[in-house]
file start_19.txt (compact mmCIF, C-alpha atoms)
# COMPACT_ATOMS: atom_id res chain seq x y z
CA MET N 30 0.35 -77.69 176.38
CA ASP N 31 1.93 -80.49 174.37
CA GLU N 32 3.92 -79.93 171.19
CA PRO N 33 1.63 -79.95 168.17
CA ARG N 34 1.31 -83.38 166.58
CA HIS N 35 1.88 -83.85 162.89
CA VAL N 36 -1.65 -85.05 162.44
CA ALA N 37 -4.83 -85.36 164.47
CA ILE N 38 -7.34 -87.89 163.21
CA VAL N 39 -10.89 -87.48 164.42
CA GLY N 40 -12.68 -90.81 164.63
CA ALA N 41 -11.35 -94.35 165.02
CA GLY N 42 -13.53 -96.26 162.60
CA PRO N 43 -12.12 -98.08 159.57
CA ALA N 44 -11.12 -94.81 157.83
CA GLY N 45 -9.49 -93.19 160.86
CA LEU N 46 -7.59 -96.31 161.89
CA ALA N 47 -6.40 -97.01 158.34
CA ALA N 48 -5.18 -93.41 158.15
CA ALA N 49 -3.47 -93.86 161.53
CA ILE N 50 -1.59 -96.96 160.33
CA TYR N 51 -0.20 -95.08 157.34
CA ALA N 52 0.50 -91.90 159.31
CA GLY N 53 2.33 -93.92 161.96
CA ARG N 54 4.38 -95.76 159.37
CA GLY N 55 5.17 -92.40 157.79
CA ARG N 56 6.71 -91.52 161.17
CA LEU N 57 4.18 -88.78 161.79
CA SER N 58 3.26 -88.13 165.40
CA THR N 59 -0.38 -89.13 165.31
CA VAL N 60 -3.25 -88.73 167.72
CA VAL N 61 -6.62 -90.33 167.08
CA LEU N 62 -9.66 -89.02 168.94
CA GLU N 63 -12.42 -91.54 169.55
CA LYS N 64 -15.58 -90.62 171.44
CA GLY N 65 -16.70 -94.17 172.14
CA MET N 66 -14.89 -97.30 171.27
CA PRO N 67 -12.59 -97.79 168.26
CA GLY N 68 -14.55 -99.45 165.47
CA GLY N 69 -17.32 -97.06 164.61
CA GLN N 70 -20.67 -97.64 162.98
CA ILE N 71 -19.65 -101.00 161.51
CA LEU N 72 -19.80 -102.45 165.04
CA LEU N 73 -23.59 -102.35 164.65
CA THR N 74 -23.54 -105.18 162.13
CA ASP N 75 -23.19 -108.83 163.03
CA TRP N 76 -20.87 -110.07 160.34
CA ILE N 77 -18.75 -108.77 157.48
CA GLU N 78 -18.43 -111.01 154.47
CA ASN N 79 -17.35 -108.59 151.75
CA TYR N 80 -14.10 -107.29 153.23
CA PRO N 81 -11.31 -108.64 151.01
CA GLY N 82 -9.01 -111.15 152.63
CA PHE N 83 -11.62 -112.87 154.78
CA PRO N 84 -13.20 -115.53 152.55
CA THR N 85 -15.29 -116.96 155.40
CA GLY N 86 -16.19 -113.56 156.88
CA VAL N 87 -15.17 -111.81 160.06
CA THR N 88 -16.92 -110.13 162.99
CA PRO N 89 -16.66 -106.35 162.90
CA PHE N 90 -15.35 -106.42 166.45
CA ASP N 91 -12.42 -108.68 165.61
CA LEU N 92 -11.61 -106.77 162.44
CA MET N 93 -11.63 -103.41 164.17
CA GLN N 94 -9.56 -104.67 167.11
CA ALA N 95 -6.95 -105.78 164.58
CA PHE N 96 -7.03 -102.35 162.90
CA ARG N 97 -6.56 -100.70 166.26
CA LYS N 98 -3.68 -102.92 167.24
CA GLN N 99 -1.96 -102.29 163.92
CA ALA N 100 -2.39 -98.50 164.30
CA GLU N 101 -0.93 -98.60 167.81
CA THR N 102 1.93 -100.84 166.71
CA PHE N 103 3.05 -98.09 164.36
CA GLY N 104 2.87 -95.42 167.02
CA ALA N 105 -0.56 -93.81 166.76
CA GLU N 106 -1.96 -92.68 170.07
CA ILE N 107 -5.68 -93.34 170.44
CA VAL N 108 -7.35 -91.18 173.04
CA SER N 109 -10.87 -91.40 174.37
CA ASP N 110 -12.34 -87.98 173.71
CA GLU N 111 -14.95 -86.32 171.58
CA ALA N 112 -14.07 -83.45 169.24
CA LEU N 113 -16.34 -80.51 170.00
CA ALA N 114 -14.82 -77.75 167.93
CA ILE N 115 -11.97 -77.05 165.56
CA ALA N 116 -10.09 -73.82 164.89
CA GLY N 117 -6.93 -72.64 163.20
CA SER N 118 -5.56 -72.67 159.69
CA ASP N 119 -2.79 -73.97 157.46
CA GLY N 120 -0.32 -75.96 159.55
CA ALA N 121 -1.71 -75.01 162.98
CA PHE N 122 -5.02 -76.47 164.06
CA VAL N 123 -6.55 -76.86 167.49
CA ILE N 124 -9.27 -79.37 168.23
CA ARG N 125 -11.15 -78.86 171.45
CA GLY N 126 -12.42 -81.97 173.19
CA HIS N 127 -14.09 -82.73 176.50
CA ASN N 128 -10.82 -83.61 178.15
CA GLY N 129 -8.47 -81.13 176.56
CA GLU N 130 -7.12 -79.50 173.45
CA TYR N 131 -5.24 -81.23 170.67
CA ARG N 132 -2.90 -79.26 168.45
CA ALA N 133 -1.82 -80.59 165.09
CA ARG N 134 -0.37 -79.38 161.83
CA ALA N 135 -2.87 -81.36 159.78
CA VAL N 136 -6.24 -82.93 160.50
CA ILE N 137 -8.08 -85.89 159.06
CA VAL N 138 -11.81 -85.84 159.72
CA ALA N 139 -13.01 -89.44 159.86
CA THR N 140 -16.02 -89.07 162.12
CA GLY N 141 -18.15 -91.41 160.04
CA SER N 142 -21.89 -91.47 160.12
CA ALA N 143 -24.77 -92.17 162.44
CA TYR N 144 -28.03 -93.92 161.62
CA ARG N 145 -30.87 -91.85 160.26
CA ARG N 146 -34.25 -91.60 161.91
CA LEU N 147 -37.49 -91.94 159.98
CA GLY N 148 -38.97 -88.86 161.58
CA VAL N 149 -42.49 -90.25 162.03
CA PRO N 150 -44.82 -89.88 165.02
CA GLY N 151 -44.19 -92.49 167.71
CA GLU N 152 -40.65 -93.29 166.59
CA GLU N 153 -38.76 -91.32 169.20
CA ARG N 154 -41.19 -92.06 172.04
CA LEU N 155 -40.97 -95.83 171.44
CA THR N 156 -37.22 -96.04 170.83
CA GLY N 157 -36.01 -98.76 173.15
CA ALA N 158 -39.59 -99.99 173.52
CA GLY N 159 -39.80 -101.79 170.19
CA VAL N 160 -38.19 -99.22 167.89
CA SER N 161 -34.56 -100.10 167.26
CA TYR N 162 -31.68 -99.09 165.00
CA CYS N 163 -29.54 -102.13 165.75
CA ALA N 164 -30.78 -105.60 164.92
CA VAL N 165 -27.66 -107.22 166.36
CA CYS N 166 -28.21 -105.49 169.70
CA ASP N 167 -31.92 -105.93 170.11
CA GLY N 168 -32.98 -108.85 167.93
CA SER N 169 -33.08 -111.33 170.77
CA PHE N 170 -35.75 -109.30 172.59
CA PHE N 171 -38.14 -110.25 169.77
CA ALA N 172 -37.99 -114.03 169.90
CA GLY N 173 -41.17 -115.50 168.44
CA ARG N 174 -42.62 -112.06 167.63
CA ASP N 175 -43.79 -110.43 164.42
CA ILE N 176 -41.57 -107.51 163.52
CA ALA N 177 -40.82 -105.13 160.66
CA VAL N 178 -37.68 -103.73 159.07
CA VAL N 179 -37.78 -100.52 157.07
CA GLY N 180 -35.18 -99.74 154.41
CA GLY N 181 -33.88 -101.01 151.09
CA GLY N 182 -30.08 -100.95 151.22
CA ASP N 183 -27.51 -103.59 152.17
CA ASN N 184 -28.01 -103.02 155.83
CA ALA N 185 -31.80 -103.31 155.77
CA LEU N 186 -31.58 -106.61 153.91
CA LYS N 187 -28.88 -107.90 156.28
CA GLU N 188 -30.91 -106.89 159.31
CA ALA N 189 -34.05 -108.58 157.98
CA LEU N 190 -32.08 -111.78 157.39
CA PHE N 191 -30.42 -111.61 160.78
CA LEU N 192 -33.72 -111.03 162.56
CA THR N 193 -35.27 -114.21 161.13
CA ARG N 194 -33.10 -116.05 163.68
CA PHE N 195 -35.38 -114.74 166.42
CA ALA N 196 -38.62 -113.40 164.98
CA GLU N 197 -41.61 -115.40 163.83
CA THR N 198 -42.07 -113.16 160.80
CA VAL N 199 -40.19 -110.18 159.40
CA THR N 200 -41.96 -107.69 157.15
CA LEU N 201 -39.46 -105.76 155.08
CA ILE N 202 -40.84 -102.36 154.10
CA HIS N 203 -39.27 -100.25 151.37
CA ARG N 204 -40.54 -97.06 149.76
CA ARG N 205 -39.20 -97.84 146.29
CA ALA N 206 -40.13 -100.52 143.74
CA GLY N 207 -36.85 -102.38 144.15
CA PHE N 208 -34.05 -102.83 146.68
CA ARG N 209 -30.68 -101.13 146.39
CA GLY N 210 -28.77 -103.68 148.47
CA GLU N 211 -26.31 -106.22 147.11
CA ARG N 212 -27.89 -108.82 144.83
CA ILE N 213 -26.63 -111.65 147.01
CA TYR N 214 -28.67 -110.28 149.95
CA GLN N 215 -31.70 -109.73 147.70
CA GLU N 216 -31.55 -113.40 146.70
CA ARG N 217 -31.34 -114.52 150.32
CA VAL N 218 -34.28 -112.32 151.28
CA ALA N 219 -36.39 -113.72 148.43
CA ALA N 220 -35.52 -117.27 149.49
CA ASN N 221 -36.34 -116.75 153.18
CA ALA N 222 -39.81 -117.99 154.07
CA LYS N 223 -39.98 -115.83 157.21
CA ILE N 224 -39.56 -112.57 155.29
CA ARG N 225 -42.48 -110.81 153.62
CA VAL N 226 -41.63 -107.88 151.38
CA LEU N 227 -43.77 -104.73 151.09
CA LEU N 228 -42.47 -102.50 148.32
CA GLU N 229 -43.56 -98.96 147.49
CA THR N 230 -44.74 -98.64 151.05
CA VAL N 231 -43.83 -96.13 153.74
CA VAL N 232 -44.28 -96.12 157.51
CA CYS N 233 -46.50 -93.19 158.56
CA THR N 234 -46.75 -93.72 162.32
CA VAL N 235 -45.57 -96.09 165.00
CA GLU N 236 -48.42 -96.93 167.36
CA GLY N 237 -48.41 -98.30 170.89
CA GLN N 238 -48.94 -97.29 174.49
CA ALA N 239 -45.86 -98.44 176.41
CA LYS N 240 -44.36 -100.39 173.53
CA VAL N 241 -44.75 -100.86 169.82
CA GLU N 242 -48.06 -102.49 168.88
CA SER N 243 -48.57 -101.62 165.23
CA LEU N 244 -47.51 -99.49 162.29
CA THR N 245 -49.64 -97.39 160.01
CA LEU N 246 -48.45 -97.92 156.46
CA ARG N 247 -49.21 -96.18 153.21
CA ASN N 248 -48.81 -97.64 149.77
CA VAL N 249 -47.30 -94.83 147.72
CA LYS N 250 -48.55 -96.23 144.41
CA ASP N 251 -52.27 -96.40 145.09
CA ASP N 252 -52.23 -94.19 148.20
CA THR N 253 -54.02 -96.74 150.40
CA SER N 254 -53.37 -97.03 154.12
CA SER N 255 -53.13 -100.15 156.23
CA THR N 256 -52.24 -101.25 159.73
CA LEU N 257 -49.55 -103.80 160.42
CA PRO N 258 -49.51 -105.30 163.90
CA VAL N 259 -45.89 -105.78 165.00
CA SER N 260 -44.02 -105.66 168.29
CA GLY N 261 -40.82 -104.34 166.82
CA LEU N 262 -39.65 -101.91 164.14
CA PHE N 263 -36.03 -101.95 163.03
CA ILE N 264 -35.10 -98.80 161.12
CA SER N 265 -32.31 -99.10 158.59
CA ILE N 266 -32.68 -96.22 156.15
CA GLY N 267 -29.12 -95.13 155.80
CA THR N 268 -26.88 -92.79 157.68
CA ARG N 269 -26.12 -89.14 158.15
CA PRO N 270 -22.56 -87.87 158.40
CA ARG N 271 -21.29 -86.72 161.79
CA THR N 272 -20.27 -83.19 160.91
CA GLU N 273 -21.61 -81.16 163.84
CA PHE N 274 -18.18 -80.08 165.07
CA ILE N 275 -16.94 -78.92 161.66
CA LYS N 276 -20.08 -77.16 160.45
CA GLY N 277 -19.12 -73.70 159.27
CA PHE N 278 -15.42 -74.56 159.39
CA LEU N 279 -15.22 -76.38 156.11
CA GLU N 280 -17.45 -76.90 153.13
CA LEU N 281 -20.15 -79.57 153.23
CA ASP N 282 -22.38 -80.80 150.44
CA GLU N 283 -26.19 -80.83 150.45
CA TRP N 284 -26.14 -84.09 152.46
CA ASP N 285 -23.78 -82.59 155.06
CA GLN N 286 -20.89 -84.69 153.82
CA VAL N 287 -17.45 -83.09 153.68
CA LYS N 288 -16.63 -82.11 150.12
CA VAL N 289 -13.24 -83.54 149.23
CA GLY N 290 -10.93 -83.31 146.26
CA GLY N 291 -9.29 -86.30 144.60
CA ASP N 292 -6.58 -86.37 147.26
CA MET N 293 -9.18 -86.21 150.09
CA ARG N 294 -8.47 -82.56 150.87
CA SER N 295 -11.34 -80.47 152.21
CA SER N 296 -12.00 -76.81 151.48
CA VAL N 297 -9.54 -75.87 154.27
CA PRO N 298 -5.86 -76.47 153.40
CA GLY N 299 -4.39 -78.96 155.87
CA VAL N 300 -7.73 -80.56 156.70
CA PHE N 301 -8.58 -83.81 154.96
CA ALA N 302 -11.57 -86.11 155.25
CA ALA N 303 -12.02 -89.84 154.78
CA GLY N 304 -14.63 -92.53 155.12
CA ASP N 305 -18.39 -92.12 155.45
CA VAL N 306 -18.15 -88.48 156.47
CA SER N 307 -16.66 -87.55 153.08
CA ASP N 308 -18.54 -87.28 149.81
CA ALA N 309 -16.10 -89.70 148.17
CA CYS N 310 -16.87 -92.90 149.98
CA PRO N 311 -19.56 -95.50 149.24
CA LYS N 312 -20.56 -96.77 152.69
CA GLN N 313 -18.27 -99.78 152.80
CA VAL N 314 -15.45 -100.73 155.16
CA ALA N 315 -13.13 -101.33 152.23
CA THR N 316 -13.74 -97.90 150.71
CA ALA N 317 -13.42 -96.25 154.12
CA VAL N 318 -10.03 -97.91 154.41
CA GLY N 319 -9.05 -96.78 150.92
CA THR N 320 -9.97 -93.15 151.54
CA GLY N 321 -8.30 -93.22 154.98
CA VAL N 322 -5.05 -94.43 153.48
CA HIS N 323 -5.29 -91.84 150.73
CA ALA N 324 -5.88 -89.06 153.26
CA ALA N 325 -2.82 -90.12 155.30
CA LEU N 326 -0.64 -90.11 152.19
CA SER N 327 -1.96 -86.67 151.24
CA VAL N 328 -1.17 -85.40 154.75
CA GLN N 329 2.42 -86.54 154.29
CA GLU N 330 2.69 -84.62 151.02
CA TYR N 331 1.05 -81.60 152.61
CA LEU N 332 3.45 -81.60 155.58
CA ALA N 333 6.44 -82.01 153.26
CA ARG N 334 5.32 -78.90 151.38
CA LEU N 335 4.79 -76.96 154.61
CA SER N 336 8.30 -77.45 155.90
CA MET Z 3 -14.67 -107.25 177.60
CA SER Z 4 -13.43 -106.86 181.10
CA SER Z 5 -14.84 -104.46 183.59
CA HIS Z 6 -14.03 -103.88 187.21
CA LEU Z 7 -17.55 -102.60 187.82
CA ILE Z 8 -20.08 -104.47 189.93
CA GLN Z 9 -21.99 -107.03 187.88
CA ALA Z 10 -25.59 -107.22 189.07
CA THR Z 11 -27.80 -110.24 188.53
CA ASP Z 12 -31.56 -110.77 188.79
CA ALA Z 13 -30.88 -112.20 192.27
CA SER Z 14 -28.72 -109.32 193.49
CA PHE Z 15 -30.57 -106.45 191.80
CA GLU Z 16 -32.71 -105.51 194.79
CA GLN Z 17 -29.74 -105.49 197.13
CA GLU Z 18 -27.27 -103.79 194.77
CA VAL Z 19 -29.57 -101.27 193.13
CA LEU Z 20 -32.98 -100.80 194.75
CA ASN Z 21 -31.69 -100.74 198.33
CA SER Z 22 -28.64 -98.61 197.62
CA SER Z 23 -28.31 -95.38 199.58
CA LEU Z 24 -26.40 -93.82 196.68
CA PRO Z 25 -27.98 -93.23 193.28
CA VAL Z 26 -27.19 -96.16 190.99
CA LEU Z 27 -26.49 -96.06 187.27
CA VAL Z 28 -27.28 -99.44 185.73
CA ASP Z 29 -25.82 -100.31 182.34
CA PHE Z 30 -27.92 -103.02 180.67
CA TRP Z 31 -25.69 -104.61 178.06
CA ALA Z 32 -24.81 -107.80 176.18
CA PRO Z 33 -21.56 -109.06 174.72
CA TRP Z 34 -22.79 -109.11 171.10
CA CYS Z 35 -23.92 -105.48 171.13
CA GLY Z 36 -21.58 -103.01 169.38
CA PRO Z 37 -22.98 -99.81 170.87
CA CYS Z 38 -22.82 -101.42 174.33
CA ARG Z 39 -19.11 -101.82 173.78
CA MET Z 40 -18.89 -98.22 172.61
CA ILE Z 41 -20.62 -96.83 175.65
CA ALA Z 42 -18.84 -99.10 178.15
CA PRO Z 43 -15.65 -97.00 178.44
CA LEU Z 44 -17.75 -93.88 179.06
CA VAL Z 45 -19.66 -95.66 181.81
CA GLU Z 46 -16.37 -96.69 183.40
CA GLU Z 47 -15.05 -93.13 183.22
CA ILE Z 48 -18.21 -91.88 184.88
CA ALA Z 49 -17.85 -94.50 187.62
CA GLU Z 50 -14.31 -93.29 188.22
CA SER Z 51 -15.13 -89.56 188.22
CA HIS Z 52 -18.24 -89.94 190.42
CA LYS Z 53 -16.75 -92.21 193.08
CA GLY Z 54 -18.59 -91.77 196.36
CA GLN Z 55 -21.51 -89.97 194.70
CA LEU Z 56 -22.78 -92.58 192.32
CA LYS Z 57 -22.73 -96.35 192.21
CA VAL Z 58 -22.33 -97.86 188.76
CA VAL Z 59 -23.55 -101.37 188.08
CA LYS Z 60 -23.61 -103.49 184.94
CA MET Z 61 -26.23 -106.06 184.06
CA ASN Z 62 -25.77 -108.59 181.29
CA VAL Z 63 -29.23 -109.01 179.75
CA ASP Z 64 -28.16 -112.24 178.12
CA GLU Z 65 -27.74 -113.88 181.51
CA ASN Z 66 -30.48 -111.99 183.34
CA GLY Z 67 -33.92 -111.88 181.74
CA GLN Z 68 -36.17 -110.86 184.59
CA THR Z 69 -34.90 -107.39 185.51
CA PRO Z 70 -34.80 -106.10 181.91
CA GLN Z 71 -38.38 -107.29 181.51
CA THR Z 72 -39.47 -105.55 184.70
CA TYR Z 73 -38.13 -102.26 183.36
CA GLY Z 74 -39.50 -102.81 179.83
CA ILE Z 75 -36.10 -102.98 178.21
CA MET Z 76 -36.29 -103.95 174.53
CA GLY Z 77 -33.11 -102.34 173.33
CA ILE Z 78 -29.53 -102.11 174.52
CA PRO Z 79 -27.49 -100.39 175.64
CA THR Z 80 -29.99 -98.92 178.06
CA LEU Z 81 -28.74 -96.93 181.02
CA ILE Z 82 -31.16 -96.35 183.88
CA LEU Z 83 -30.39 -94.13 186.83
CA PHE Z 84 -32.10 -95.31 190.02
CA LYS Z 85 -32.58 -93.03 192.98
CA GLY Z 86 -34.19 -94.40 196.14
CA GLY Z 87 -35.10 -97.55 194.24
CA GLN Z 88 -36.95 -95.62 191.51
CA PRO Z 89 -35.83 -95.11 187.90
CA VAL Z 90 -35.33 -91.37 187.35
CA GLU Z 91 -33.46 -91.27 184.02
CA LYS Z 92 -33.36 -93.63 181.08
CA VAL Z 93 -31.03 -93.47 178.09
CA VAL Z 94 -31.44 -95.89 175.19
CA GLY Z 95 -28.63 -96.36 172.68
CA PHE Z 96 -25.26 -94.67 172.44
CA GLU Z 97 -25.09 -91.17 173.95
CA SER Z 98 -22.13 -88.83 174.11
CA LYS Z 99 -20.40 -88.41 177.44
CA ALA Z 100 -21.51 -84.78 177.69
CA LYS Z 101 -25.15 -85.75 177.36
CA LEU Z 102 -24.78 -88.58 179.87
CA LEU Z 103 -23.16 -86.26 182.39
CA GLU Z 104 -25.94 -83.71 181.87
CA ARG Z 105 -28.58 -86.32 182.66
CA ILE Z 106 -26.74 -87.57 185.72
CA ALA Z 107 -25.99 -84.10 187.06
CA LYS Z 108 -29.71 -83.50 187.59
CA HIS Z 109 -29.82 -86.24 190.22
CA VAL Z 110 -26.38 -86.55 191.78
call {"tool": "encode", "arguments": {"input": "start_19.txt", "output": "structure tokens"}}
result
Amino acid sequence: MDEPRHVAIVGAGPAGLAAAIYAGRGRLSTVVLEKGMPGGQILLTDWIENYPGFPTGVTPFDLMQAFRKQAETFGAEIVSDEALAIAGSDGAFVIRGHNGEYRARAVIVATGSAYRRLGVPGEERLTGAGVSYCAVCDGSFFAGRDIAVVGGGDNALKEALFLTRFAETVTLIHRRAGFRGERIYQERVAANAKIRVLLETVVCTVEGQAKVESLTLRNVKDDTSSTLPVSGLFISIGTRPRTEFIKGFLELDEWDQVKVGGDMRSSVPGVFAAGDVSDACPKQVATAVGTGVHAALSVQEYLARLS
Amino acid sequence: MSSHLIQATDASFEQEVLNSSLPVLVDFWAPWCGPCRMIAPLVEEIAESHKGQLKVVKMNVDENGQTPQTYGIMGIPTLILFKGGQPVEKVVGFESKAKLLERIAKHV
């Protein structure tokens, strides 16, 4: 088995890669485990226009490739593997992956988040047959169709706007009386003639034989039901943290996010968390970066105290 | 994104996939699709580890409209495993490698 690394970072999204840049520059031997492709959940969006330093916007793919390159430039090793379990304590941790074991003195959990499902009848059965969680991926299959988006945050508003490029109409469904997303997106949604907004409304079922044909909706204010014929439903109702492999190992909050202290430490000394998986990070690339950097700096302090 | 895997087209699909004596895993993808890019390295690893047992083929849905329509594809990435010209497994969206291998193991 290899010598233990100074730090193992789990996840190569914005938080993990930012941590890897700082760990590498701190001359820590650094391994980053990534189960898919470096970039993470942000790769699901089409365009980033609120990341500082890019006044005309940037594609998530380009931005994340640059992060990756910068992390590798400073010596971080990015390996393609998925963390399945973690064991050990203070200064000696072992992460088990599909392809091997990774030993490290400190760990940064930066596994990010995955999209949330609505949990209504028909949703799972019709996923890939009209139900989608990625407007960028699947929007073009709905050219000239009537579709719906459910959600009220930044991402739901962005997806609705993006989908107007293809769809004939987009019905934006949100359970609350107002949207949570950035005001600039709210203004664009209001100004877009293709988007119809249904507030205080929830999706009860997704109907269709082989593909999506309609939705059953319920107005939560007056408790009336209605049917909305659509051929697509894009679900954008937030994310859930990816904490399967650390459940029981360190403390999570009621949302399954890793509880962290001000220096990004978890309940287990030597294990830190950053980005969407932590309870300290609004779901933004810039805050993921900030917490990732902070975690890497805290690891350096922790290792200095160990030795 | 570069890939050394066979790129199937609407025109070559029958030959490459339906008439193949080996089971064929087809990765329906498009360049703009983030999760397609995430799953691509896993598909390549599977192609490498299953050499001789499984043929792995990619199809760009942006350039080929007919085949995705035939198989009712409305979301990508979609992976379909064909055996004897028939679809036997379908995976929509990003899946972990372990889960992909589990699905494939049933047929290969």
call {"tool": "residues_around", "arguments": {"input": "start_19.txt", "residues": "stretch 37-43 of chain N", "least_positions_apart": "5", "cutoff": "7 Å", "atoms": "only C-alpha atoms", "output": "list in words"}}
result
Thr59, Val60, Val61, Leu62, Glu63, Pro67, Gly68, Gly69, Ala133, Ala135, Val136, Ile137, Val138, Ala139, Thr140, Val314, Ala317 and Val318 of chain N
call {"tool": "interface_residues", "arguments": {"input": "start_19.txt", "of": "chain N", "to": "chain Z", "cutoff": "10 Å", "atoms": "all atoms listed in the file", "output": "JSON, numbers by chain"}}
result
{"N": [63, 64, 65, 66, 67, 68, 69, 70, 71, 72, 73, 74, 75, 89, 90, 109, 110, 111, 127, 155, 156, 157, 158, 159, 160, 161, 162, 163, 164, 165, 166, 167, 168, 169, 170, 171, 239, 240, 261]}
call {"tool": "write_last_selection", "arguments": {"input": "start_19.txt", "atoms": "C-alpha atoms", "output": "PDB file, keeping the file's coordinate frame"}}
result
ATOM      1  CA  GLU N  63     -12.420 -91.540 169.550  1.00  0.00           C
ATOM      2  CA  LYS N  64     -15.580 -90.620 171.440  1.00  0.00           C
ATOM      3  CA  GLY N  65     -16.700 -94.170 172.140  1.00  0.00           C
ATOM      4  CA  MET N  66     -14.890 -97.300 171.270  1.00  0.00           C
ATOM      5  CA  PRO N  67     -12.590 -97.790 168.260  1.00  0.00           C
ATOM      6  CA  GLY N  68     -14.550 -99.450 165.470  1.00  0.00           C
ATOM      7  CA  GLY N  69     -17.320 -97.060 164.610  1.00  0.00           C
ATOM      8  CA  GLN N  70     -20.670 -97.640 162.980  1.00  0.00           C
ATOM      9  CA  ILE N  71     -19.650-101.000 161.510  1.00  0.00           C
ATOM     10  CA  LEU N  72     -19.800-102.450 165.040  1.00  0.00           C
ATOM     11  CA  LEU N  73     -23.590-102.350 164.650  1.00  0.00           C
ATOM     12  CA  THR N  74     -23.540-105.180 162.130  1.00  0.00           C
ATOM     13  CA  ASP N  75     -23.190-108.830 163.030  1.00  0.00           C
ATOM     14  CA  PRO N  89     -16.660-106.350 162.900  1.00  0.00           C
ATOM     15  CA  PHE N  90     -15.350-106.420 166.450  1.00  0.00           C
ATOM     16  CA  SER N 109     -10.870 -91.400 174.370  1.00  0.00           C
ATOM     17  CA  ASP N 110     -12.340 -87.980 173.710  1.00  0.00           C
ATOM     18  CA  GLU N 111     -14.950 -86.320 171.580  1.00  0.00           C
ATOM     19  CA  HIS N 127     -14.090 -82.730 176.500  1.00  0.00           C
ATOM     20  CA  LEU N 155     -40.970 -95.830 171.440  1.00  0.00           C
ATOM     21  CA  THR N 156     -37.220 -96.040 170.830  1.00  0.00           C
ATOM     22  CA  GLY N 157     -36.010 -98.760 173.150  1.00  0.00           C
ATOM     23  CA  ALA N 158     -39.590 -99.990 173.520  1.00  0.00           C
ATOM     24  CA  GLY N 159     -39.800-101.790 170.190  1.00  0.00           C
ATOM     25  CA  VAL N 160     -38.190 -99.220 167.890  1.00  0.00           C
ATOM     26  CA  SER N 161     -34.560-100.100 167.260  1.00  0.00           C
ATOM     27  CA  TYR N 162     -31.680 -99.090 165.000  1.00  0.00           C
ATOM     28  CA  CYS N 163     -29.540-102.130 165.750  1.00  0.00           C
ATOM     29  CA  ALA N 164     -30.780-105.600 164.920  1.00  0.00           C
ATOM     30  CA  VAL N 165     -27.660-107.220 166.360  1.00  0.00           C
ATOM     31  CA  CYS N 166     -28.210-105.490 169.700  1.00  0.00           C
ATOM     32  CA  ASP N 167     -31.920-105.930 170.110  1.00  0.00           C
ATOM     33  CA  GLY N 168     -32.980-108.850 167.930  1.00  0.00           C
ATOM     34  CA  SER N 169     -33.080-111.330 170.770  1.00  0.00           C
ATOM     35  CA  PHE N 170     -35.750-109.300 172.590  1.00  0.00           C
ATOM     36  CA  PHE N 171     -38.140-110.250 169.770  1.00  0.00           C
ATOM     37  CA  ALA N 239     -45.860 -98.440 176.410  1.00  0.00           C
ATOM     38  CA  LYS N 240     -44.360-100.390 173.530  1.00  0.00           C
ATOM     39  CA  GLY N 261     -40.820-104.340 166.820  1.00  0.00           C
TER      40      GLY N 261
END
call {"tool": "atom_distance", "arguments": {"input": "start_19.txt", "atom1": "atom CA of N:Ala114", "atom2": "atom CA of N:Gln313"}}
result
26.9 Å
call {"tool": "atom_distance", "arguments": {"input": "start_19.txt", "atom1": "atom CA of N:Asp252", "atom2": "atom CA of N:Arg205"}}
result
13.7 Å
call {"tool": "residues_around", "arguments": {"input": "start_19.txt", "residues": "N:Gly55", "least_positions_apart": "2", "cutoff": "12 Å", "atoms": "only C-alpha atoms", "output": "PyMOL selection string"}}
result
chain N and resi 35-36+48-53+57-59+100+103-105+322+325-330+332-333
call {"tool": "residues_around", "arguments": {"input": "start_19.txt", "residues": "Z:Gln9", "least_positions_apart": "2", "cutoff": "7 Å", "atoms": "all atoms listed in the file", "output": "PyMOL selection string"}}
result
chain Z and resi 7+11+59-61
call {"tool": "write_last_selection", "arguments": {"input": "start_19.txt", "atoms": "C-alpha atoms", "output": "short mmCIF file (atom, residue, chain, number, x, y, z; two decimals), in the coordinates of the input"}}
result
data_model
loop_
_atom_site.label_atom_id
_atom_site.label_comp_id
_atom_site.auth_asym_id
_atom_site.auth_seq_id
_atom_site.Cartn_x
_atom_site.Cartn_y
_atom_site.Cartn_z
CA LEU Z 7 -17.55 -102.60 187.82
CA THR Z 11 -27.80 -110.24 188.53
CA VAL Z 59 -23.55 -101.37 188.08
CA LYS Z 60 -23.61 -103.49 184.94
CA MET Z 61 -26.23 -106.06 184.06
#
call {"tool": "atom_distance", "arguments": {"input": "start_19.txt", "atom1": "atom CA of N:Gly180", "atom2": "atom CA of N:Ser255"}}
result
18.0 Å
call {"tool": "closest_residue", "arguments": {"input": "start_19.txt", "among": "Z:Val19, Z:Leu102, Z:Ile8, Z:Phe30", "to": "Z:Asn62", "atoms": "all atoms listed in the file"}}
result
Z:Phe30
call {"tool": "closest_residue", "arguments": {"input": "start_19.txt", "among": "Z:Asp29, Z:Phe15, Z:Gln68, Z:Ser23", "to": "Z:Gln55", "atoms": "all atoms listed in the file"}}
result
Z:Ser23
call {"tool": "closest_residue", "arguments": {"input": "start_19.txt", "among": "Z:Asn21, Z:Glu104, Z:Ser14, Z:Val58", "to": "Z:Leu81", "atoms": "all atoms listed in the file"}}
result
Z:Val58
call {"tool": "residues_near_point", "arguments": {"input": "start_19.txt", "point": "(-40.7, -100.2, 160.1)", "cutoff": "8 Å", "atoms": "all atoms listed in the file", "output": "ChimeraX atom specification"}}
result
/N:177-180,201-202,232,244,261-264
call {"tool": "residues_near_point", "arguments": {"input": "start_19.txt", "point": "(-7.3, -86.3, 149.4)", "cutoff": "9 Å", "atoms": "all atoms listed in the file", "output": "PyMOL selection string"}}
result
chain N and resi 289-295+301-303+320-321+323-328
